[in-house]
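Take a look at the structure below.
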Amino acid sequence: MAFVTRQFMRSVSSSSTASASAKKIIVKHVTVIGGGLMGAGIAQVAAATGHTVVLVDQTEDILAKSKKGIEESLRKVAKKKFAENLKAGDEFVEKTLSTIATSTDAASVVHSTDLVVEAIVENLKVKNELFKRLDKFAAETFKRKVVFLVPECPNEKNKRWFKTSVSRNIHTIFASNTSSLQITSIANATTRQDRFAGLHFFNPVPVMKLVEVIKTPMTSQKTFESLVDFSKALGKHPVSCKDTPGFIVNRLLVPYLMEAIRLYERGDASKEDIDTAMKLGAGYPMGPFELLDYVGLDTTKFIVDGWHEMDAENPLHQPSPSLNKLVAENKFGKKTGEGFYKYK
């Protein structure tokens, strides 16, 4: 009987330990989809903090450009961090780069990842197609069987088997870096809505400390806490927000930027004076027009158009003639050489 009790307690103890460890996913392996500015930045900070990373994009040329950009960024970091030890700086760069692999086939690499972070074009249909496909290949936790001995008959013939779970237990967490689309609408393309959330980084990712962790009504607490822990592991400061348009920062920032444009459109003040006023009067590092050009006028227009479609009567979401004109002329800001200002 003592033998049976020990066996029973050992089984329960093992089961309890496994259950406790399953409360949160400790993210060690990260797959980043999208080798653009944001995706490359996320890959860089993840690799620099000890995570194994796979960066995915459509072509090898894009990925080569991404890796080159990451290396240049890392050398800038190393120059400051290891100013008095150049050898240590070189080792830091090489070690970080060695933990970043690349691939043009997302489906082939997500089977063994803890977290997929998507940072591709801001298009709901494209994002949904991506996540629907990845959902079929991303890792699932296997089901276990636990053996209990019947106390009255402690022998091999009287073992009874109990399944710990009959439900599907998805392991890999999916996250989108979208700044404007509804996370719930993206998550609905998958079968793991409980393992789906928003993880909104800010540009430039290696510099900006904030990460918005977006929890939908379906996101599990385990998923949310795992992403908060992951954000902290990157050296970031996570803040939590529900799945509301624009989350926190853009919900406050974009209407401010649009109101600056309207102030200019009405002829109330020049864009130069508006920028100067906000820098010297409000202590902002950049004026609204400088920030608009930095963020990208196409990005701002995309956000405003999406909000206007959802809530056409809201005065904060009304489109801007001057913004629309510049975007139509492919003048997106600094990245194209001209926006509200010209850049040489």
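Quick note on naming: the chains in the structure tokens go A, B, ... in the order shown, residues restart at 1 in each chain, and ligands are numbered from 1 in order of appearance.
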
Discussion item. Can you tell me, as a count of residues only, which residues in segment 35-195 of chain A count as alpha helix (DSSP H) by DSSP?
Written reply: 67

Worksheet entry | His29 of chain A surroundings by only C-alpha atoms, 12 Å radius, close-in-sequence under 6 positions cut, as a PyMOL selection string | chain A and resi 43+46-47+49-55+99-101+109-117+139+172-173+230

Worksheet item: What is the atom CA of Lys132 of chain A to atom CA of Met38 of chain A distance in Å?
Response: 21.9 Å

Item to complete: Determine which residues of segment 233-264 of chain A receive a DSSP assignment of strand (DSSP E), computed from the backbone, and state them as a PyMOL selection string.
Response: chain A and resi 237-242

Worksheet item: Closest to Leu234 of chain A among A:Ala282, A:Ile25, A:Val211, A:Leu292, using only C-alpha atoms?
Response: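 Under the stated criterion, the closest residue is A:Val211.
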
Item to complete: Within 9 Å of Asp275 of chain A, counting only C-alpha atoms, which residues show up once you throw out same-chain ones fewer than 6 positions away? Write them as a PyMOL selection string, please.
Response: chain A and resi 260+286-290

Worksheet entry | Nearest residue to Val126 of chain A from the set A:Gly267, A:Tyr294, A:Leu181, A:Val228 (distances using only C-alpha atoms) |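 Comparing A:Gly267, A:Tyr294, A:Leu181, A:Val228 against Val126 of chain A, the winner is A:Leu181.
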
Closest pair table for segment 289-321 of chain A residues within 6 Å of segment 330-341 of chain A, only C-alpha atoms, as a tab-separated table:
residue	atom	partner	partner_atom	distance
A:Asp293	CA	A:Gly333	CA	3.9
A:Tyr294	CA	A:Lys334	CA	5.8
A:Gly296	CA	A:Phe332	CA	5.2
A:Leu297	CA	A:Phe332	CA	4.7
A:Asp298	CA	A:Phe332	CA	5.6

Output of the above residues as a short mmCIF file (atom, residue, chain, number, x, y, z; two decimals), in the first residue's frame, restricted to N, CA, C and O atoms:
data_model
loop_
_atom_site.label_atom_id
_atom_site.label_comp_id
_atom_site.auth_asym_id
_atom_site.auth_seq_id
_atom_site.Cartn_x
_atom_site.Cartn_y
_atom_site.Cartn_z
N ASP A 293 6.46 63.22 -41.72
CA ASP A 293 7.42 62.84 -42.75
C ASP A 293 8.29 61.66 -42.31
O ASP A 293 8.68 60.83 -43.13
N TYR A 294 8.60 61.60 -41.03
CA TYR A 294 9.43 60.52 -40.51
C TYR A 294 8.66 59.20 -40.50
O TYR A 294 9.18 58.15 -40.91
N GLY A 296 5.94 58.48 -42.26
CA GLY A 296 5.50 58.13 -43.61
C GLY A 296 4.07 58.60 -43.82
O GLY A 296 3.16 58.18 -43.10
N LEU A 297 3.88 59.49 -44.80
CA LEU A 297 2.54 60.02 -45.04
C LEU A 297 1.59 58.93 -45.52
O LEU A 297 0.39 58.98 -45.24
N ASP A 298 2.10 57.96 -46.24
CA ASP A 298 1.27 56.84 -46.68
C ASP A 298 0.75 56.03 -45.49
O ASP A 298 -0.40 55.58 -45.49
#

Practice prompt. Identify, on the basis of only C-alpha atoms, every residue whose closest approach to Ser226 of chain A does not exceed 12 Å; exclude the query and any residue fewer than 2 positions from it along the same chain; express the result as JSON, numbers by chain.
Written response: {"A": [21, 22, 23, 24, 25, 26, 27, 28, 114, 115, 171, 172, 173, 174, 175, 195, 196, 197, 199, 213, 215, 219, 220, 221, 222, 223, 224, 228, 229, 230, 231, 232, 233, 238]}

Output N, CA, C and O atoms of each residue in that selection to a file, as a short mmCIF file (atom, residue, chain, number, x, y, z; two decimals), in the first residue's frame.
data_model
loop_
_atom_site.label_atom_id
_atom_site.label_comp_id
_atom_site.auth_asym_id
_atom_site.auth_seq_id
_atom_site.Cartn_x
_atom_site.Cartn_y
_atom_site.Cartn_z
N SER A 21 4.46 24.42 -15.17
CA SER A 21 5.38 24.91 -16.19
C SER A 21 4.65 25.33 -17.44
O SER A 21 5.17 26.07 -18.27
N ALA A 22 3.41 24.82 -17.62
CA ALA A 22 2.64 25.14 -18.81
C ALA A 22 1.86 26.44 -18.68
O ALA A 22 1.19 26.85 -19.60
N LYS A 23 1.95 27.06 -17.51
CA LYS A 23 1.17 28.27 -17.30
C LYS A 23 1.56 29.39 -18.26
O LYS A 23 0.74 30.13 -18.74
N LYS A 24 2.87 29.53 -18.50
CA LYS A 24 3.34 30.55 -19.43
C LYS A 24 4.35 29.94 -20.40
O LYS A 24 5.09 29.03 -20.05
N ILE A 25 4.35 30.46 -21.62
CA ILE A 25 5.32 30.03 -22.61
C ILE A 25 6.57 30.88 -22.44
O ILE A 25 6.51 32.11 -22.51
N ILE A 26 7.70 30.24 -22.20
CA ILE A 26 8.96 30.98 -22.15
C ILE A 26 9.50 31.03 -23.57
O ILE A 26 9.88 30.01 -24.14
N VAL A 27 9.48 32.22 -24.14
CA VAL A 27 9.86 32.37 -25.54
C VAL A 27 11.38 32.34 -25.68
O VAL A 27 12.10 33.17 -25.13
N LYS A 28 11.85 31.35 -26.42
CA LYS A 28 13.29 31.23 -26.71
C LYS A 28 13.57 31.33 -28.20
O LYS A 28 14.60 31.85 -28.60
N ASP A 114 8.53 29.25 -30.82
CA ASP A 114 7.66 29.59 -29.70
C ASP A 114 6.74 30.77 -30.04
O ASP A 114 5.63 30.85 -29.53
N LEU A 115 7.25 31.67 -30.87
CA LEU A 115 6.52 32.90 -31.17
C LEU A 115 6.73 33.30 -32.62
O LEU A 115 7.85 33.32 -33.11
N HIS A 171 0.74 25.26 -29.15
CA HIS A 171 1.90 25.78 -28.42
C HIS A 171 2.33 27.15 -28.92
O HIS A 171 2.48 28.08 -28.14
N THR A 172 2.53 27.31 -30.21
CA THR A 172 3.10 28.53 -30.76
C THR A 172 2.15 29.72 -30.62
O THR A 172 0.97 29.63 -30.96
N ILE A 173 2.70 30.83 -30.15
CA ILE A 173 1.94 32.08 -30.04
C ILE A 173 2.10 32.87 -31.33
O ILE A 173 3.20 32.97 -31.88
N PHE A 174 1.01 33.44 -31.82
CA PHE A 174 1.04 34.33 -32.98
C PHE A 174 0.85 35.76 -32.50
O PHE A 174 0.01 36.03 -31.63
N ALA A 175 1.60 36.69 -33.09
CA ALA A 175 1.44 38.11 -32.75
C ALA A 175 1.61 38.96 -34.00
O ALA A 175 2.43 38.65 -34.87
N ARG A 195 -4.24 32.08 -28.48
CA ARG A 195 -2.79 32.26 -28.57
C ARG A 195 -2.44 33.34 -29.59
O ARG A 195 -1.40 33.25 -30.24
N PHE A 196 -3.27 34.33 -29.69
CA PHE A 196 -3.05 35.42 -30.66
C PHE A 196 -3.20 36.75 -29.94
O PHE A 196 -4.13 36.95 -29.18
N ALA A 197 -2.26 37.67 -30.21
CA ALA A 197 -2.31 38.99 -29.58
C ALA A 197 -1.58 39.99 -30.46
O ALA A 197 -0.96 39.63 -31.47
N LEU A 199 1.47 42.77 -30.75
CA LEU A 199 2.77 43.10 -30.15
C LEU A 199 3.32 44.25 -30.98
O LEU A 199 4.02 44.04 -31.98
N VAL A 213 1.24 45.70 -25.79
CA VAL A 213 0.76 44.31 -25.84
C VAL A 213 -0.76 44.37 -25.88
O VAL A 213 -1.40 44.82 -24.93
N LYS A 215 -4.41 42.79 -26.05
CA LYS A 215 -5.16 41.60 -25.66
C LYS A 215 -6.58 41.67 -26.22
O LYS A 215 -7.33 42.60 -25.91
N THR A 219 -7.86 36.40 -26.27
CA THR A 219 -6.48 36.13 -25.87
C THR A 219 -6.44 35.59 -24.44
O THR A 219 -7.00 36.19 -23.53
N SER A 220 -5.78 34.46 -24.25
CA SER A 220 -5.71 33.88 -22.91
C SER A 220 -4.76 34.69 -22.03
O SER A 220 -3.85 35.36 -22.53
N GLN A 221 -4.96 34.59 -20.74
CA GLN A 221 -4.09 35.26 -19.80
C GLN A 221 -2.67 34.72 -19.90
O GLN A 221 -1.69 35.47 -19.76
N LYS A 222 -2.55 33.42 -20.16
CA LYS A 222 -1.24 32.79 -20.31
C LYS A 222 -0.48 33.41 -21.49
O LYS A 222 0.71 33.72 -21.39
N THR A 223 -1.18 33.60 -22.60
CA THR A 223 -0.56 34.21 -23.78
C THR A 223 -0.15 35.64 -23.49
O THR A 223 0.97 36.06 -23.81
N PHE A 224 -1.04 36.38 -22.88
CA PHE A 224 -0.75 37.78 -22.55
C PHE A 224 0.48 37.89 -21.65
O PHE A 224 1.39 38.68 -21.93
N VAL A 228 4.16 39.67 -22.33
CA VAL A 228 4.68 40.70 -21.43
C VAL A 228 6.10 40.32 -20.98
O VAL A 228 7.02 41.15 -21.00
N ASP A 229 6.27 39.06 -20.59
CA ASP A 229 7.60 38.58 -20.17
C ASP A 229 8.60 38.66 -21.31
O ASP A 229 9.76 39.04 -21.11
N PHE A 230 8.17 38.31 -22.52
CA PHE A 230 9.04 38.38 -23.69
C PHE A 230 9.48 39.82 -23.95
O PHE A 230 10.66 40.09 -24.21
N SER A 231 8.54 40.75 -23.85
CA SER A 231 8.86 42.17 -24.07
C SER A 231 9.89 42.65 -23.06
O SER A 231 10.84 43.36 -23.41
N LYS A 232 9.73 42.25 -21.82
CA LYS A 232 10.69 42.63 -20.78
C LYS A 232 12.05 42.01 -21.05
O LYS A 232 13.09 42.64 -20.81
N ALA A 233 12.06 40.77 -21.54
CA ALA A 233 13.32 40.09 -21.85
C ALA A 233 14.08 40.81 -22.96
O ALA A 233 15.31 40.74 -23.03
N PRO A 238 6.70 47.05 -21.57
CA PRO A 238 5.38 46.74 -22.13
C PRO A 238 4.25 47.49 -21.44
O PRO A 238 4.28 47.70 -20.22
#

Fill in: Counting only C-alpha atoms, the option among A:Gly235, A:Pro319, A:Pro217, A:Pro245 closest to Glu265 of chain A
A:Pro319
